[in-house]
Amino acid sequence: MAFEGLSDRLEAAFSRLKSKGSLTDADVKEAMREVRLALLEADVSYKVAKDFTNAVTERAIGAEVMKSLTPAQMVIKIVNEELTELMGGTQTRLTIAQHPPTIVMMCGLQGSGKTTHCAKIAKRLKGENHRPLLVACDVYRPAAIKQLQVLGEQVGVPVFEMGQDNPVVIAKEAVKLAKDQGYDYVFLDTAGRLHIDEQLMEELRNIKSEVHPHEILLVVDAMTGQDAVNVAQTFNDDLGLDGLVLTKLDGDTRGGAALSARAITGKPIKFVGTGEKIDDLDVFHPDRMASRILGMGDVLSLIEKAEQEFDEQTAIELEKKLRKNKFDLNDLLLNLQQVRKLGPMQDLLGMIPGLSKQAKDIEVDEKQFDRLQAIIQSMTPGEREKPDIINGARKKRIAAGCGQTVEDVNRLLAQYRQMQKMFKQMNSKQSRKAMKRMTKNMNPNDLANMDLSSLGL
């Protein structure tokens with residue numbers, strides 16, 4: 001995960017502060033030296049790291065912190081606030097033109113994920129009842145137009161193309177079509193290069209002067225390290241960027257270049273790509289990312305993911321069943337499938353306050369979900385509705401049908417009965433006490449086999 005190394009180093013620095021009852025100037029400066037080293041190791045540029053730690057130190061050695069009953073927590077609070085500010089302060093949305101369509105010019109080097117993220121953002125906007133149009137302006141890279149067409153079909157967004165024509169003419173004609181046919185967003189998928197050259201920048205400047213885009217977004221590969229900062233600065237100097245889109249934040253990247261690109265260009269990060277799937281795109285929230293880096297979780301993003309993926313009517317029906325203790329294996333199967341849509345369990349655990357620091361040490365077997373689903377799908381409709389009728393012979397048949405063992409079937413049924421018992425307790429007068437006991441004694445590994453949506457997650 002991105003920022004994992006940074007999180008570990010910051011946690012180590014702050015743990016030493018927490019062990020002290022009171023702090024001196026020397027304690028703060030030593031901690032900030034560790035923070036600066038952590039930032040540098042995470043690929044944050046030296047100037048950005050130095051300015052950041054100087055700002056934190058200046059605030060942290062003030063009387064307000066030194067006189068606090070919990071000075072270490074005050075320092076962490078200051079770091080959280082400064083880190084949030086470093087990443088942009090507040091969420092920045094896409095511009096909405098007063099007179100549609102809103103024209104978004106997507107730029108970036110070849111291989112940064114520019115074409116894919118055109119489609120990802122367009123799909124997100126379509127889900128918000130907008131009418132986006134994708135435009136194939138990359139006429140140089142082999143199969144670039146075909147790639148955009150395939151992605152457009154996948155997300156249900158039309159693609160405008162004119163073959164190998166002049167990209168400036170293509171952009172101009174696409175905007176004209178969008179106005180005539182009522183599209184409210186136009187995404188120009190411009191050409192990229194393996195490195196920045198004058199021919200590329202001249203073409204982008206010509207497109208900009210012809211169609212006057214409302215947004216110029218630079219797609220930056222977060223795994224390119226400090227080179228990402230140089231790319232961002234060059235594009236910003238030549239075109240005047242409006243925002244950044246960071247890709248590959250799910251990979252083994254230190255992520256610090258992302259912080260540097262924002263700090264040096266002064267342009268907000270608007271979206272982050274978190275995986276290869278077309279739905280793996282998040283709106284960037286500086287405050288939430290700061291919390292995750294500092295191991296505080298990100299429950300708001302988790303809730304938003306659940307709201308996007310869980311069907312409201314299904315949730316209402318499930319709640320009624322839970323109240324009447326009629327939760328069966330069909331409901332368990334449905335909820336397992338919905339939880340899978342939220343993404344890897346390791347990432348979900350990292351968003352939960354209290355578990356975020358432990359998440360990286362918890363080995364979650366993602367295939368366990370597939371095995372549970374296979375077992376339930378091997379059952380007859382009657383067995384799913386009334387699991388109590390499943391005897392030894394039925395267990396053997398179910399196990400053979402899904403390629404699992406009878407012990408696996410027994411384990412699933414035991415977990416189901418445990419959940420039934422839990423729901424019964426939650427519906428009783430002692431529900432609050434039962435919930436408190438459950439959360440107190442919960443093992444994080446159990447979450448891999450639990451129905452998270454039934455707990456409101």
# chains A, B, ... in the order shown; residues from 1 in each chain; ligands from 1
call {"tool": "select_by_dssp", "arguments": {"residues": "range 64-193 of chain A", "states": "alpha helix (DSSP H)", "output": "PyMOL selection string"}}
result
chain A and resi 64-66+71-86+114-127+144-155+167-181
call {"tool": "atom_distance", "arguments": {"atom1": "CA of Tyr46 in chain A", "atom2": "CA of Ile264 in chain A"}}
result
11.4 Å
call {"tool": "closest_atom_pairs", "arguments": {"of": "range 11-49 of chain A", "to": "range 84-105 of chain A", "cutoff": "12 Å", "atoms": "only C-alpha atoms", "output": "tab-separated table"}}
result
residue	atom	partner	partner_atom	distance
A:Val44	CA	A:Leu86	CA	11.2
A:Val48	CA	A:Leu86	CA	8.7
A:Ala49	CA	A:Leu86	CA	10.0
call {"tool": "atom_distance", "arguments": {"atom1": "CA of Val211 in chain A", "atom2": "CA of Gln147 in chain A"}}
result
23.7 Å
call {"tool": "select_by_dssp", "arguments": {"residues": "range 8-201 of chain A", "states": "strand (DSSP E or B)", "output": "PyMOL selection string"}}
result
chain A and resi 102-107+132-136+159-160+185-189
call {"tool": "write_last_selection", "arguments": {"atoms": "all heavy atoms", "output": "tab-separated table (two decimals), in the first residue's frame"}}
result
chain	number	residue	atom	x	y	z
A	102	THR	N	-18.73	21.13	-19.89
A	102	THR	CA	-17.46	21.35	-19.20
A	102	THR	C	-16.38	20.56	-19.94
A	102	THR	O	-16.51	19.34	-20.11
A	102	THR	CB	-17.54	20.86	-17.74
A	102	THR	OG1	-18.57	21.58	-17.06
A	102	THR	CG2	-16.22	21.07	-17.03
A	103	ILE	N	-15.36	21.25	-20.38
A	103	ILE	CA	-14.30	20.60	-21.17
A	103	ILE	C	-13.12	20.28	-20.27
A	103	ILE	O	-12.57	21.17	-19.61
A	103	ILE	CB	-13.85	21.51	-22.33
A	103	ILE	CG1	-15.05	21.90	-23.20
A	103	ILE	CG2	-12.79	20.82	-23.18
A	103	ILE	CD1	-14.75	23.01	-24.18
A	104	VAL	N	-12.76	19.00	-20.21
A	104	VAL	CA	-11.66	18.53	-19.37
A	104	VAL	C	-10.57	17.97	-20.27
A	104	VAL	O	-10.79	17.00	-21.01
A	104	VAL	CB	-12.11	17.45	-18.38
A	104	VAL	CG1	-10.95	17.03	-17.48
A	104	VAL	CG2	-13.29	17.95	-17.53
A	105	MET	N	-9.41	18.58	-20.24
A	105	MET	CA	-8.27	18.10	-21.03
A	105	MET	C	-7.38	17.25	-20.14
A	105	MET	O	-6.82	17.74	-19.16
A	105	MET	CB	-7.49	19.27	-21.62
A	105	MET	CG	-6.46	18.86	-22.65
A	105	MET	SD	-5.85	20.25	-23.64
A	105	MET	CE	-4.47	20.77	-22.66
A	106	MET	N	-7.24	15.97	-20.48
A	106	MET	CA	-6.43	15.04	-19.69
A	106	MET	C	-5.05	14.93	-20.32
A	106	MET	O	-4.92	14.59	-21.50
A	106	MET	CB	-7.10	13.66	-19.65
A	106	MET	CG	-8.51	13.67	-19.07
A	106	MET	SD	-8.54	13.87	-17.29
A	106	MET	CE	-8.07	12.23	-16.75
A	107	CYS	N	-4.02	15.22	-19.53
A	107	CYS	CA	-2.64	15.20	-20.02
A	107	CYS	C	-1.82	14.21	-19.20
A	107	CYS	O	-2.21	13.82	-18.11
A	107	CYS	CB	-2.01	16.58	-19.90
A	107	CYS	SG	-2.97	17.90	-20.66
A	132	PRO	N	-21.38	12.41	-19.95
A	132	PRO	CA	-20.01	12.66	-20.42
A	132	PRO	C	-19.79	12.11	-21.83
A	132	PRO	O	-20.46	11.19	-22.28
A	132	PRO	CB	-19.14	11.92	-19.40
A	132	PRO	CG	-20.01	10.80	-18.92
A	132	PRO	CD	-21.43	11.30	-18.98
A	133	LEU	N	-18.81	12.70	-22.52
A	133	LEU	CA	-18.38	12.26	-23.84
A	133	LEU	C	-16.87	12.10	-23.82
A	133	LEU	O	-16.15	13.01	-23.39
A	133	LEU	CB	-18.79	13.28	-24.90
A	133	LEU	CG	-18.29	13.02	-26.34
A	133	LEU	CD1	-18.99	11.78	-26.92
A	133	LEU	CD2	-18.52	14.24	-27.22
A	134	LEU	N	-16.37	10.95	-24.27
A	134	LEU	CA	-14.94	10.70	-24.36
A	134	LEU	C	-14.46	11.02	-25.77
A	134	LEU	O	-15.14	10.68	-26.75
A	134	LEU	CB	-14.62	9.24	-24.02
A	134	LEU	CG	-14.95	8.78	-22.60
A	134	LEU	CD1	-14.79	7.27	-22.47
A	134	LEU	CD2	-14.07	9.49	-21.58
A	135	VAL	N	-13.29	11.66	-25.87
A	135	VAL	CA	-12.78	12.09	-27.17
A	135	VAL	C	-11.37	11.55	-27.38
A	135	VAL	O	-10.47	11.79	-26.57
A	135	VAL	CB	-12.76	13.63	-27.28
A	135	VAL	CG1	-12.32	14.06	-28.67
A	135	VAL	CG2	-14.14	14.21	-26.95
A	136	ALA	N	-11.18	10.83	-28.49
A	136	ALA	CA	-9.89	10.21	-28.80
A	136	ALA	C	-8.99	11.19	-29.54
A	136	ALA	O	-9.05	11.31	-30.77
A	136	ALA	CB	-10.11	8.95	-29.63
A	159	VAL	N	-17.87	7.47	-27.38
A	159	VAL	CA	-16.53	7.92	-27.73
A	159	VAL	C	-16.58	8.61	-29.09
A	159	VAL	O	-17.10	8.07	-30.06
A	159	VAL	CB	-15.53	6.75	-27.77
A	159	VAL	CG1	-14.17	7.22	-28.26
A	159	VAL	CG2	-15.40	6.10	-26.40
A	160	PHE	N	-16.03	9.82	-29.15
A	160	PHE	CA	-15.93	10.57	-30.41
A	160	PHE	C	-14.52	10.39	-30.96
A	160	PHE	O	-13.54	10.60	-30.25
A	160	PHE	CB	-16.22	12.05	-30.17
A	160	PHE	CG	-16.12	12.89	-31.41
A	160	PHE	CD1	-17.21	13.07	-32.23
A	160	PHE	CD2	-14.91	13.51	-31.76
A	160	PHE	CE1	-17.14	13.84	-33.38
A	160	PHE	CE2	-14.82	14.28	-32.90
A	160	PHE	CZ	-15.93	14.44	-33.73
A	185	TYR	N	-20.22	17.01	-20.12
A	185	TYR	CA	-18.78	16.89	-19.87
A	185	TYR	C	-18.10	16.31	-21.12
A	185	TYR	O	-18.61	15.37	-21.72
A	185	TYR	CB	-18.47	15.97	-18.68
A	185	TYR	CG	-18.49	16.68	-17.34
A	185	TYR	CD1	-19.64	16.70	-16.57
A	185	TYR	CD2	-17.36	17.33	-16.86
A	185	TYR	CE1	-19.67	17.35	-15.34
A	185	TYR	CE2	-17.38	17.98	-15.63
A	185	TYR	CZ	-18.53	17.99	-14.88
A	185	TYR	OH	-18.55	18.63	-13.67
A	186	VAL	N	-16.96	16.88	-21.48
A	186	VAL	CA	-16.16	16.38	-22.60
A	186	VAL	C	-14.76	16.09	-22.08
A	186	VAL	O	-14.09	16.99	-21.54
A	186	VAL	CB	-16.09	17.40	-23.75
A	186	VAL	CG1	-15.15	16.89	-24.84
A	186	VAL	CG2	-17.47	17.67	-24.32
A	187	PHE	N	-14.31	14.84	-22.23
A	187	PHE	CA	-12.97	14.46	-21.77
A	187	PHE	C	-12.08	14.25	-22.98
A	187	PHE	O	-12.31	13.34	-23.79
A	187	PHE	CB	-13.04	13.19	-20.93
A	187	PHE	CG	-13.60	13.41	-19.56
A	187	PHE	CD1	-14.96	13.32	-19.33
A	187	PHE	CD2	-12.77	13.74	-18.50
A	187	PHE	CE1	-15.49	13.55	-18.07
A	187	PHE	CE2	-13.28	13.97	-17.23
A	187	PHE	CZ	-14.65	13.87	-17.02
A	188	LEU	N	-11.07	15.08	-23.12
A	188	LEU	CA	-10.12	15.00	-24.23
A	188	LEU	C	-8.95	14.12	-23.82
A	188	LEU	O	-8.13	14.52	-22.98
A	188	LEU	CB	-9.63	16.39	-24.61
A	188	LEU	CG	-10.70	17.44	-24.93
A	188	LEU	CD1	-10.04	18.79	-25.23
A	188	LEU	CD2	-11.58	17.00	-26.10
A	189	ASP	N	-8.88	12.92	-24.38
A	189	ASP	CA	-7.77	12.01	-24.09
A	189	ASP	C	-6.62	12.36	-25.02
A	189	ASP	O	-6.54	11.87	-26.15
A	189	ASP	CB	-8.22	10.56	-24.30
A	189	ASP	CG	-7.10	9.57	-24.02
A	189	ASP	OD1	-6.21	9.90	-23.21
A	189	ASP	OD2	-7.12	8.47	-24.61
call {"tool": "residues_around", "arguments": {"residues": "range 113-118 of chain A", "least_positions_apart": "3", "cutoff": "9 Å", "atoms": "only C-alpha atoms", "output": "MDAnalysis selection string"}}
result
chainID A and resid 106:110 121:123 134 136 144 147:148 151 187:190 192 218:221 245 247:248 273 276 278 281
call {"tool": "closest_residue", "arguments": {"among": "A:Lys277, A:Asn206, A:Glu215, A:Arg193", "to": "Ser112 in chain A", "atoms": "only C-alpha atoms"}}
result
A:Arg193
call {"tool": "residues_around", "arguments": {"residues": "range 386-395 of chain A", "least_positions_apart": "3", "cutoff": "7 Å", "atoms": "only C-alpha atoms", "output": "PyMOL selection string"}}
result
chain A and resi 382-383+398-399+406+409
